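Report on one structure; see the data block that follows.
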Amino acid sequence: MNLPRGALGVLLVAALVVAGLVLPRWLVFLLALALAKGVAVLSVVVLMRAGLVSFGQGLFFAGAAYAAGFAMRWWGIREALLLVPWSVGLAVGLGALAGLLVARYRDIFFAMLTLALSMVLYGVLIKAYGVTGGSDGIRIPTPTLLGLQLSGDDARLVVYYLAVAATAAAAWAVGRYAAAPAGYLAHAVRDNEVRVAYLGAPVSRIVYAAFLLSSGLAGLGGALTALNVGHVDPGLAYWTTSGELVFIAVLGGTGTVLGPLAGAVVYELIRSYAFKYAPYAWQMLVGAAMLLIILFLPGGLWSPVERVWRRAQG
Amino acid sequence: MKTPILEVEDLTLHFGSITAAERETVIVYPGELVGIVGPNGAGKTTFLNLITGYLRPERGTIRFWGQDVVGLAPHQITALGVGRSFQIPQLFLTLTVRENVLVALATREGRWASVRRPLHEPARVQAADEVLLQFGLLAQADRPAGELPEGGRKLLDVAMAFALRPRLLLMDEPTSGVSAREKFQVMDTLVQALREGGITALFVEHDMDVVRRYATRVLVLSNGRILADGVPSEVLEDPEIRLAVTGRR
């Protein structure tokens, strides 16, 4: 069977659309959360392509989520189609600033610097109670879509479809980036930075561009999470949130666009069930699942699917 | 009179008490194939590193087509038309052989940040395959670069620099690590590609037979100084020079 990759994407989007209509509400909510997280995981994967592991994506994830909250609280904006671009824009702005510092670092130094920056935001969110609500966070009211007031299950479903559309757009954008010279140059930086410079390309700007794309994706994930959950709190900026995104990237596999998204869905399912049946040991179960993946599927959950796909394509 | 492609004047650099370059002055004209010889630690690779901006001299000027390039970063000097290959091939080992050249071609086009079209555009793939054919690597195009034997890696390393269509190519020991049997074969391929592309080249080399056979001119370096500069058949016959370079008269 010779099916172009774009057609596979369309099929998956169609399946997600149908899933919104037929699956129980709680599962639709879980899927929306997983997709939002999956987009944020893509942000980790974009950086991994350039050989960089960020433990601070929470900076952009939380930054964008709070941006949506502030826009609602201060300016009364409830239109989802305004809130999402505004939040992503703010995350990219944060990335533009942070990138000036971190884009020149590599390896553990990059990882620790990104972690430190996200923890600075965490500290600010906790301490600035009057503005951020401290550890209580901010409530996010139900958004409107194209001016339509939404409520109850309808609102949940609309946010879900918004997540599906945004995830599809993000996956398309990352796929296009990965196949383009910009994505290959990022890969080349991971392989051999010196050679990239001796081909006449500025390494720092390649890394900076990847960092901007990554911050935008993490921001998109944060904005979608905020709209879906209806509440934001400083935990979104905490290092465990950033670590969770790296965890899911490894779980799903970092070589493809669909791997991280599939990883996010599986992770949310494992976590929900583990939490339900073993509330005091759910982390252990998630960790055990990760160990099994590393032992038996070192390329990530998606790797067997990718192998079958490639074989089918000849 | 021809305009020099490269003018190096009074180039000086020390690493602590070690002299890496001492008042080096060289003028290279278009079409020359200059061999650089000297014992280990003579400053041959340092000379290339200075020209390509990897190191900054304490004193002296480097002009490429009349433009002062001291203080420019390697990527800026490369973009001006100075290509470089390495003693240890610098490849993108997890990319395929073809993708290595495609990345070089995209960079030459100034499209390193482009997301509008894929890297594997048909016209670019065709151009990459032409380069690979020229260097005898087309049959290996779809293999990861990390799977190539040493001779193949050397050729790919130069092919990537060559794909940039440089006006000046600096090669650091293009035949090191290549078997004696393959050595002349590799050099034949390189020199033919240089001639076809009208590229001026400097190459660091330890094998005097290679220098005699291919260089139109030879620079002899020792302790960061230029000991001799002339036609290989004359310079390499000088017993003092032979002693300085090989340790034998």
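Note on naming: chains are A, B, ... as they come in the structure tokens, residues start from 1 per chain, ligands start from 1 in the order shown.
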
What are the nearest atom pairs, with distances in Å to one decimal, for all residues of chain B that come at most 8 Å from chain A, using only C-alpha atoms, set out by chain and rising residue number as a tab-separated table?
residue	atom	partner	partner_atom	distance
B:Pro74	CA	A:Ala197	CA	6.0
B:His75	CA	A:Gly200	CA	3.9
B:Gln76	CA	A:Gly200	CA	6.1
B:Ile77	CA	A:Gly200	CA	7.4
B:Thr78	CA	A:Gly200	CA	4.9
B:Ala79	CA	A:Gly200	CA	4.9
B:Gly83	CA	A:Tyr198	CA	7.2
B:Arg84	CA	A:Tyr198	CA	6.8
B:Gln90	CA	A:Arg195	CA	5.8
B:Leu91	CA	A:Asn192	CA	6.8
B:Phe92	CA	A:Asp191	CA	5.2
B:Leu93	CA	A:Asp191	CA	6.5
B:Thr94	CA	A:Asp191	CA	7.0
B:Leu95	CA	A:Ala188	CA	8.0
B:Val103	CA	A:Pro181	CA	6.8
B:Ala104	CA	A:Leu199	CA	6.0
B:Ala106	CA	A:Pro181	CA	6.4
B:Thr107	CA	A:Ala201	CA	6.3
B:Arg108	CA	A:Gly200	CA	7.3
B:Arg111	CA	A:Pro181	CA	6.7
B:Trp112	CA	A:Ala182	CA	5.4
B:Ala113	CA	A:Ala182	CA	4.5
B:Ser114	CA	A:Ala182	CA	5.4
B:Val115	CA	A:Ala180	CA	5.0
B:Arg116	CA	A:Ala180	CA	7.1
B:Arg117	CA	A:Ala180	CA	5.9
B:Pro118	CA	A:Ala180	CA	4.1
B:Leu119	CA	A:Ala180	CA	4.8
B:His120	CA	A:Ala179	CA	7.9
B:Met160	CA	A:Leu199	CA	7.9
B:Ala161	CA	A:Leu199	CA	7.0
B:Leu164	CA	A:Leu199	CA	7.2

If you run DSSP on this backbone, which residues of range 98-309 of chain A come out as strand (DSSP E or B), and could you give them as a PyMOL selection string?
-> chain A and resi 138-139+144-145+148+231-232

Could you save the residues just selected, with N, CA, C and O atoms, as a PDB file, in the first residue's frame?
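Generated output (part-v5.pdb):
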ATOM      1  N   ILE A 138      -5.141  30.627  38.894  1.00  0.00           N
ATOM      2  CA  ILE A 138      -6.220  31.455  38.330  1.00  0.00           C
ATOM      3  C   ILE A 138      -7.255  30.547  37.678  1.00  0.00           C
ATOM      4  O   ILE A 138      -6.902  29.589  36.983  1.00  0.00           O
ATOM      5  N   ARG A 139      -8.501  30.903  37.881  1.00  0.00           N
ATOM      6  CA  ARG A 139      -9.557  30.153  37.194  1.00  0.00           C
ATOM      7  C   ARG A 139      -9.693  30.678  35.768  1.00  0.00           C
ATOM      8  O   ARG A 139      -9.587  31.883  35.526  1.00  0.00           O
ATOM      9  N   THR A 144     -15.277  31.538  24.610  1.00  0.00           N
ATOM     10  CA  THR A 144     -16.258  31.588  23.515  1.00  0.00           C
ATOM     11  C   THR A 144     -15.527  31.209  22.235  1.00  0.00           C
ATOM     12  O   THR A 144     -14.293  31.265  22.168  1.00  0.00           O
ATOM     13  N   LEU A 145     -16.307  30.788  21.231  1.00  0.00           N
ATOM     14  CA  LEU A 145     -15.689  30.491  19.949  1.00  0.00           C
ATOM     15  C   LEU A 145     -16.441  31.276  18.875  1.00  0.00           C
ATOM     16  O   LEU A 145     -17.660  31.099  18.716  1.00  0.00           O
ATOM     17  N   LEU A 148     -19.544  32.808  20.043  1.00  0.00           N
ATOM     18  CA  LEU A 148     -20.641  31.960  20.550  1.00  0.00           C
ATOM     19  C   LEU A 148     -20.384  31.595  22.015  1.00  0.00           C
ATOM     20  O   LEU A 148     -19.297  31.153  22.367  1.00  0.00           O
ATOM     21  N   HIS A 231      -8.339  26.007  34.578  1.00  0.00           N
ATOM     22  CA  HIS A 231      -7.612  26.496  35.749  1.00  0.00           C
ATOM     23  C   HIS A 231      -6.112  26.416  35.452  1.00  0.00           C
ATOM     24  O   HIS A 231      -5.664  25.495  34.784  1.00  0.00           O
ATOM     25  N   VAL A 232      -5.358  27.423  35.921  1.00  0.00           N
ATOM     26  CA  VAL A 232      -3.893  27.336  35.798  1.00  0.00           C
ATOM     27  C   VAL A 232      -3.275  27.535  37.176  1.00  0.00           C
ATOM     28  O   VAL A 232      -3.814  28.281  38.002  1.00  0.00           O
TER      29      VAL A 232
END

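Among the candidates B:Gly224, B:Pro174, B:Gly197, B:Pro30, the one nearest to Asp157 in chain B when counting only C-alpha atoms is B:Pro174.
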
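Distances from B:Val158, B:Val211, B:Val37, B:Ile226 to Thr189 in chain B were compared using only C-alpha atoms, and the smallest one belongs to B:Val158.
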
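Around range 213-218 of chain B, within 8 Å and counting only C-alpha atoms, the residues found are Glu32, Leu33, Val34, Gly35, Ile36, Val37, Met187, Val191, Asp209, Ala228, Asp229, Gly230, Val231, Pro232 and Val235 of chain B, once anything fewer than 4 positions away on its own chain is removed.
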
Can I get the selection written as a short mmCIF file (atom, residue, chain, number, x, y, z; two decimals), in the first residue's frame, with N, CA, C and O atoms?
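Output (part.cif):
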data_model
loop_
_atom_site.label_atom_id
_atom_site.label_comp_id
_atom_site.auth_asym_id
_atom_site.auth_seq_id
_atom_site.Cartn_x
_atom_site.Cartn_y
_atom_site.Cartn_z
N GLU B 32 46.27 28.23 -8.62
CA GLU B 32 47.39 27.52 -8.00
C GLU B 32 46.90 26.34 -7.15
O GLU B 32 45.77 26.37 -6.63
N LEU B 33 47.75 25.34 -7.03
CA LEU B 33 47.48 24.21 -6.14
C LEU B 33 48.69 24.13 -5.21
O LEU B 33 49.75 23.61 -5.60
N VAL B 34 48.54 24.71 -4.04
CA VAL B 34 49.68 24.90 -3.14
C VAL B 34 49.72 23.81 -2.08
O VAL B 34 48.76 23.66 -1.30
N GLY B 35 50.81 23.07 -2.04
CA GLY B 35 50.99 22.08 -0.98
C GLY B 35 51.67 22.73 0.22
O GLY B 35 52.55 23.58 0.04
N ILE B 36 51.22 22.38 1.41
CA ILE B 36 51.84 22.91 2.62
C ILE B 36 52.45 21.72 3.36
O ILE B 36 51.72 20.79 3.73
N VAL B 37 53.76 21.76 3.56
CA VAL B 37 54.43 20.65 4.24
C VAL B 37 55.19 21.17 5.45
O VAL B 37 55.40 22.38 5.60
N MET B 187 43.58 11.45 -4.69
CA MET B 187 44.11 12.74 -5.15
C MET B 187 43.75 13.01 -6.60
O MET B 187 43.45 14.15 -6.98
N VAL B 191 41.90 16.40 -7.58
CA VAL B 191 42.54 17.38 -8.46
C VAL B 191 41.71 17.58 -9.73
O VAL B 191 41.55 18.71 -10.21
N ASP B 209 55.61 12.48 -1.97
CA ASP B 209 55.30 12.02 -3.33
C ASP B 209 54.02 12.67 -3.85
O ASP B 209 53.92 13.04 -5.02
N ALA B 228 60.44 27.89 3.22
CA ALA B 228 60.65 27.94 1.76
C ALA B 228 59.31 28.04 1.05
O ALA B 228 58.28 27.62 1.58
N ASP B 229 59.33 28.59 -0.13
CA ASP B 229 58.12 28.79 -0.91
C ASP B 229 58.54 28.74 -2.38
O ASP B 229 59.30 29.60 -2.83
N GLY B 230 58.13 27.71 -3.11
CA GLY B 230 58.56 27.63 -4.51
C GLY B 230 58.03 26.40 -5.20
O GLY B 230 57.09 25.75 -4.72
N VAL B 231 58.65 26.08 -6.32
CA VAL B 231 58.22 24.93 -7.13
C VAL B 231 58.66 23.65 -6.40
O VAL B 231 59.81 23.56 -5.95
N PRO B 232 57.79 22.65 -6.24
CA PRO B 232 58.13 21.45 -5.47
C PRO B 232 59.41 20.77 -5.92
O PRO B 232 60.23 20.35 -5.09
N VAL B 235 62.23 23.00 -4.41
CA VAL B 235 62.23 23.16 -2.95
C VAL B 235 62.51 21.84 -2.24
O VAL B 235 63.33 21.77 -1.33
#

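The residue set within 12 Å of Gly76 in chain A, counting only C-alpha atoms and dropping same-chain residues fewer than 3 places from it, reads Ala68, Gly69, Phe70, Ala71, Met72, Arg73, Glu79, Ala80, Leu82, Leu83, Ile140, Pro141, Thr142, Pro143 and Thr144 of chain A.
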
Would you kindly return, as a PyMOL selection string, each protein, DNA or RNA residue with an atom no farther than 12 Å from any atom of Lys2 in chain B, considering only C-alpha atoms and excluding same-chain residues fewer than 3 positions away?
-> chain B and resi 5-6+27-32+65

Next, the residues of the selection above should be written as a PDB file, in the first residue's frame with C-alpha atoms.
ATOM      1  CA  ILE B   5      42.982  35.372  -4.406  1.00  0.00           C
ATOM      2  CA  LEU B   6      44.641  35.214  -0.994  1.00  0.00           C
ATOM      3  CA  ILE B  27      50.351  35.427  -1.747  1.00  0.00           C
ATOM      4  CA  VAL B  28      48.275  32.883  -3.666  1.00  0.00           C
ATOM      5  CA  TYR B  29      47.051  33.454  -7.222  1.00  0.00           C
ATOM      6  CA  PRO B  30      43.969  31.923  -8.856  1.00  0.00           C
ATOM      7  CA  GLY B  31      44.511  28.455 -10.284  1.00  0.00           C
ATOM      8  CA  GLU B  32      47.395  27.519  -8.003  1.00  0.00           C
ATOM      9  CA  TRP B  65      40.008  38.828  -3.073  1.00  0.00           C
TER      10      TRP B  65
END

Name the residues in contact with Val265 in chain A at a cut-off of 8 Å, using only C-alpha atoms, excluding same-chain residues fewer than 4 positions from it; report them as a list of chain:residue names.
-> A:Leu31, A:Ala34, A:Leu35, A:Gly38, A:Leu261, A:Leu269

Keeping only C-alpha atoms, take the residues you just selected and write them out as an mmCIF file, in the first residue's frame.
data_model
loop_
_atom_site.group_PDB
_atom_site.id
_atom_site.type_symbol
_atom_site.label_atom_id
_atom_site.label_comp_id
_atom_site.auth_asym_id
_atom_site.auth_seq_id
_atom_site.Cartn_x
_atom_site.Cartn_y
_atom_site.Cartn_z
ATOM 1 C CA LEU A 31 -7.762 13.046 24.785
ATOM 2 C CA ALA A 34 -3.190 14.441 25.868
ATOM 3 C CA LEU A 35 -3.202 16.338 22.579
ATOM 4 C CA GLY A 38 1.511 16.123 22.859
ATOM 5 C CA LEU A 261 1.539 12.625 20.091
ATOM 6 C CA LEU A 269 -4.138 6.733 29.757
#

Tyr54 in chain B environment, 9 Å, only C-alpha atoms, sequence neighbours closer than 4 positions dropped, as a short mmCIF file (atom, residue, chain, number, x, y, z; two decimals) with N, CA and C atoms, in the first residue's frame:
data_model
loop_
_atom_site.label_atom_id
_atom_site.label_comp_id
_atom_site.auth_asym_id
_atom_site.auth_seq_id
_atom_site.Cartn_x
_atom_site.Cartn_y
_atom_site.Cartn_z
N THR B 46 47.23 25.21 11.91
CA THR B 46 46.99 26.54 12.48
C THR B 46 46.86 27.57 11.36
N LEU B 48 45.71 27.09 8.37
CA LEU B 48 44.36 26.97 7.79
C LEU B 48 43.31 27.53 8.75
N ASN B 49 43.51 27.25 10.05
CA ASN B 49 42.55 27.75 11.04
C ASN B 49 42.53 29.28 11.11
N LEU B 50 43.67 29.88 10.87
CA LEU B 50 43.73 31.35 10.86
C LEU B 50 43.01 31.91 9.63
N ALA B 73 33.77 35.46 11.47
CA ALA B 73 33.55 34.09 11.97
C ALA B 73 33.70 33.10 10.82
N PRO B 74 33.99 31.82 11.14
CA PRO B 74 34.16 30.82 10.06
C PRO B 74 33.00 30.80 9.06
#

Option closest in space to Leu162 in chain A, from A:Gly20, A:Gly235, A:Gly95, A:Gly300 [counting only C-alpha atoms] = A:Gly20

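Here CA of Ala166 in chain A and CA of Leu94 in chain A stand 20.4 Å from one another.
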
Secondary structure check, helix (DSSP H, G or I) residues of range 241-303 of chain A, as a ChimeraX atom specification = /A:241-252,258-277,282-296,303
